[in-house]
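Trainee: For reference, the structure I am asking about is given below.
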Amino acid sequence: MSSTAQTLASKRINSLLDENSFVEIGGYVTARNTDFNLSEKETPADGVITGYGVIDGSLVYVYSQDASVLNGSIGEMHAKKIANLYDLAMKTGAPIIGLLDCAGLRLQEATDALNAFGEIYTKQVMASGVIPQITGIFGTCGGGLAVVPALTDFTFMEDTKGRLFVNSPNALEGNEISKCDTSSAAYQSEHAGLVDVLGSEEEILGQMRTLVSMLPSNFEDNSSYVDCTDDLNRICPELENCVGDTSIALSQIADNQEFFEVKAAYAKDMVTGFIRLNGATVGCVANRSEVYNQEGEKTETFENVLSARGCKKAAEFVKFCDAFEIPVLTLTNVKGYKATKCSESNMARNAAELTNAFISATVPKVNIVIGEAFGSAYLTMNSKSTGADMVFAWPNAQIGMMDAKLAAKIMYADADAATINEKAAEYAMLQSSALSAAKRGYVDTIIEAEDTRKYVIGAFEMLFTKREDRPSKKHGTV
């Protein structure tokens with residue numbers, strides 16, 4: 001049990017962890033610096049509570065900044081406590097969670113604080129891909145501190161009081177906060193794509209618990225399983241109607257129909273998140289062309305094409321899954337690339353990043369073609385030739401170079417409409433159908449949509465012992 005007084009920082013920890021499980025480390029640490037009368041001010045725990053506890057019985061390390069102590073500003077000892085917590089987390093192979101509420105670096109401690117803050121960056125980079133890192137933003141997270149959540153794997157943000165920025169909105173040329181609040185939770189989730197989950201303080205603490213329960217404790221841990229209480233052979237009769245909104249499709253496939261979506265507000269044409277299949281965590285990437293709300297009303301529509309933002313979102317997610325040995329499931333419905341000036345500036349680079357992420361990943365990878373799969377956009381979405389271990393297709397799926405009618409128009413440019421239609425039908429049968437792809441070995445099995453769950457579970461069970469070597473090198477450059 002912690003002996004820490006019930007500050008807001010400690011209440012957040014107690015809400016996050018299992019009841020009475022928190023043990024504080026460094027509770028008596030205070031600031032060392034005496035410049036600018038700092039010694040005359042009380043700095044309990046130097047403004048950050050650090051320690052460990054459990055979530056659903058699993059060990060986690062937590063630090064929570066206390067805004068009641070010098071506005072939660074980061075001094076030398078404050079930063080060293082966090083760095084020490086990272087050392088313990090790395091030694092024991094357990095996730096680390098930071099609850100941020102901070103005014104920035106402590107000016108009275110200047111270079112001592114700056115140097116210690118740099119040590120936090122270093123610990124974060126060293127921990128990347130070794131243990132899961134999660135941050136929650138409950139107050140101000142500005143300047144150099146904004147790099148901290150960007151260096152972690154998942155970021156949660158309180159949707160009214162949370163503020164995240166490198167430069168404040170009023171410091172941006174031609175902007176002030178009433179025009180565009182670039183520090184708001186909405187901006188950081190919808191436009192910057194840095195925030196994974198928004199909500200009230202209570203909601204995001206609960207969501208953090210859910211996410212931690214789905215993740216392995218470290219990159220060598222393969223025990224993130226739970227007993228499956230769902231029917232492994234459950235039929236999903238409505239799945240074929242979910243081609244547009246694949247977040248709904250993934251929830252139907254999942255054990256107990258539970259899907260944890262990340263970055264839901266960013267690049268909505270691409271869905272990323274976690275499900276369980278037969279009790280094991282699986283990372284999911286899916287193209288989306290429609291969004292439905294909880295009342296079943298369609299709220300947004302998109303072309304089924306790859307956007308630059310969607311590729312970036314998916315690439316980061318696939319890299320995380322590969323680092324922590326989480327299998328990847330892909331639902332593919334894509335016919336090309338988004339053709340806008342804004343997207344074009346990063347399209348090739350981000351598509352390359354996603355292609356690289358899928359090809360480089362050595363975890364089990366299963367792809368289901370649920371609609372269209374045309375051209376190099378399909379290759380970017382985890383095709384057989386770019387790394388998928390198993391490829392399934394629904395009967396009406398189309399796989400090929402391009403839409404059959406467009407191909408016919410190109411090949412028979414001077415033909416009449418009747419000839420174009422005839423040749424398009426012939427092209428679709430010979431070159432673009434799921435059957436033609438299966439005959440060439442590019443699709444392993446054609447399955448009925450309603451049987452998707454049992455086939456995917458079977459494929460991942462078969463691939464459970466997969467081992468795959470890669471060329472020896474320091475690291476890639478994409």
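The chains in the structure tokens are called A, B, ... from first to last as shown; in each chain the residues are counted from 1, and the ligands are counted from 1 in the order shown.
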What's the 9 Å shell around range 315-323 of chain A, counting only C-alpha atoms, without same-chain residues fewer than 2 positions away, as a PyMOL selection string?
Mentor: chain A and resi 128-130+153+219+262+272-273+282-285+310-313+325-328+350-351+353-358+360-363
Trainee: Next, dump the selected residues to file, keeping only C-alpha atoms, as a compact mmCIF listing (two decimals), in the first residue's frame.
Mentor:
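Dumped to out_27.txt:
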```
# COMPACT_ATOMS: atom_id res chain seq x y z
CA SER A 128 10.78 0.57 -27.28
CA GLY A 129 9.90 -2.88 -28.60
CA VAL A 130 10.92 -4.51 -25.30
CA ASP A 153 3.18 2.89 -28.00
CA PHE A 219 8.46 -8.95 -26.30
CA VAL A 262 -6.97 2.40 -31.57
CA THR A 272 -6.60 -0.73 -36.48
CA GLY A 273 -7.11 -2.47 -33.16
CA VAL A 282 -4.64 -10.60 -32.57
CA GLY A 283 -3.84 -7.24 -34.16
CA CYS A 284 -6.21 -6.18 -36.94
CA VAL A 285 -5.80 -3.89 -39.96
CA GLY A 310 -4.25 5.44 -43.42
CA CYS A 311 -0.99 3.84 -44.56
CA LYS A 312 0.98 5.60 -41.82
CA LYS A 313 -1.53 4.58 -39.16
CA GLU A 325 4.81 -11.19 -31.38
CA ILE A 326 1.13 -10.37 -31.88
CA PRO A 327 -0.33 -12.08 -35.00
CA VAL A 328 -1.88 -9.78 -37.62
CA ASN A 350 3.68 6.12 -46.49
CA ALA A 351 2.59 3.31 -48.81
CA GLU A 353 6.28 2.28 -45.06
CA LEU A 354 3.19 0.05 -44.84
CA THR A 355 4.53 -2.33 -47.49
CA ASN A 356 7.79 -2.54 -45.57
CA ALA A 357 5.96 -3.15 -42.28
CA PHE A 358 4.01 -6.12 -43.64
CA SER A 360 9.33 -7.21 -42.51
CA ALA A 361 6.90 -8.62 -39.94
CA THR A 362 7.69 -12.22 -39.01
CA VAL A 363 4.57 -12.84 -36.93
```
Trainee: Pull the alpha helix (DSSP H) assignments for range 263-428 of chain A out of DSSP run on the backbone, and list those residues as a ChimeraX atom specification.
Mentor: /A:308-323,341-360,375-380,404-411,417-427
Trainee: Could the residues in this selection be written to a file with C-alpha atoms, as a short mmCIF file (atom, residue, chain, number, x, y, z; two decimals), in the first residue's frame?
Mentor:
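Result file result08.cif:
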```
data_model
loop_
_atom_site.label_atom_id
_atom_site.label_comp_id
_atom_site.auth_asym_id
_atom_site.auth_seq_id
_atom_site.Cartn_x
_atom_site.Cartn_y
_atom_site.Cartn_z
CA ALA A 308 -1.39 8.52 -46.92
CA ARG A 309 -2.65 8.88 -43.36
CA GLY A 310 -4.25 5.44 -43.42
CA CYS A 311 -0.99 3.84 -44.56
CA LYS A 312 0.98 5.60 -41.82
CA LYS A 313 -1.53 4.58 -39.16
CA ALA A 314 -1.49 0.94 -40.25
CA ALA A 315 2.31 0.78 -40.61
CA GLU A 316 2.90 1.96 -37.04
CA PHE A 317 0.38 -0.56 -35.76
CA VAL A 318 1.86 -3.51 -37.69
CA LYS A 319 5.35 -2.63 -36.40
CA PHE A 320 4.06 -2.70 -32.82
CA CYS A 321 2.39 -6.07 -33.34
CA ASP A 322 5.53 -7.54 -34.88
CA ALA A 323 7.72 -6.24 -32.05
CA LYS A 341 -3.04 16.87 -53.74
CA CYS A 342 -2.82 16.66 -49.96
CA SER A 343 -2.52 12.87 -49.89
CA GLU A 344 -0.15 12.72 -52.87
CA SER A 345 2.62 14.59 -51.05
CA ASN A 346 3.12 11.63 -48.69
CA MET A 347 1.39 8.82 -50.57
CA ALA A 348 4.38 6.95 -51.99
CA ARG A 349 6.44 7.33 -48.81
CA ASN A 350 3.68 6.12 -46.49
CA ALA A 351 2.59 3.31 -48.81
CA ALA A 352 6.21 2.17 -48.85
CA GLU A 353 6.28 2.28 -45.06
CA LEU A 354 3.19 0.05 -44.84
CA THR A 355 4.53 -2.33 -47.49
CA ASN A 356 7.79 -2.54 -45.57
CA ALA A 357 5.96 -3.15 -42.28
CA PHE A 358 4.01 -6.12 -43.64
CA ILE A 359 6.97 -7.67 -45.48
CA SER A 360 9.33 -7.21 -42.51
CA GLY A 375 -3.25 -3.27 -58.25
CA SER A 376 -0.27 -2.36 -56.09
CA ALA A 377 -2.63 -1.04 -53.40
CA TYR A 378 -3.54 -4.69 -52.75
CA LEU A 379 0.13 -5.61 -52.52
CA THR A 380 0.55 -2.92 -49.87
CA ALA A 404 -12.65 -5.45 -65.23
CA LYS A 405 -14.62 -2.79 -67.10
CA LEU A 406 -11.75 -0.32 -66.94
CA ALA A 407 -9.37 -3.00 -68.22
CA ALA A 408 -11.71 -3.78 -71.11
CA LYS A 409 -11.93 -0.09 -72.04
CA ILE A 410 -8.14 0.13 -72.17
CA MET A 411 -7.65 -3.09 -74.15
CA ALA A 417 -20.41 -0.58 -75.56
CA ALA A 418 -21.65 -4.13 -76.17
CA THR A 419 -18.15 -5.38 -76.89
CA ILE A 420 -16.75 -3.56 -73.87
CA ASN A 421 -19.34 -5.20 -71.61
CA GLU A 422 -18.68 -8.63 -73.12
CA LYS A 423 -14.92 -8.34 -72.71
CA ALA A 424 -15.31 -6.92 -69.19
CA ALA A 425 -17.32 -9.98 -68.15
CA GLU A 426 -14.72 -12.24 -69.73
CA TYR A 427 -11.86 -10.38 -68.02
#
```
Trainee: Using only C-alpha atoms, which residue out of A:Phe464, A:His191, A:Tyr61, A:Pro169 lies closest to Asn222 in chain A?
Mentor: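 Looking at the shortest contact to Asn222 in chain A, the residue is A:Phe464.
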Trainee: Can you tell me, as a PyMOL selection string, what residues are no more than 10 Å from range 436-446 of chain A when counting only C-alpha atoms, ignoring any on the same chain fewer than 2 positions away?
Mentor: chain A and resi 367-369+383-385+389-400+428-434+448-449+455
Trainee: Using DSSP on the backbone coordinates, identify all residues within range 12-239 of chain A classified as strand (DSSP E or B); present the result as a ChimeraX atom specification.
Mentor: /A:23-25,48-55,58-65,74,96-100,105,133-137,140-142,154-158,163-165,197-199,225
Trainee: Name the closest residue to Glu240 in chain A among the candidates A:Leu331, A:Ile370, A:Ala79, A:Ile25; distances are taken between atoms, counting only C-alpha atoms.
Mentor: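 Using only C-alpha atoms, Glu240 in chain A sits closest to A:Ile370.
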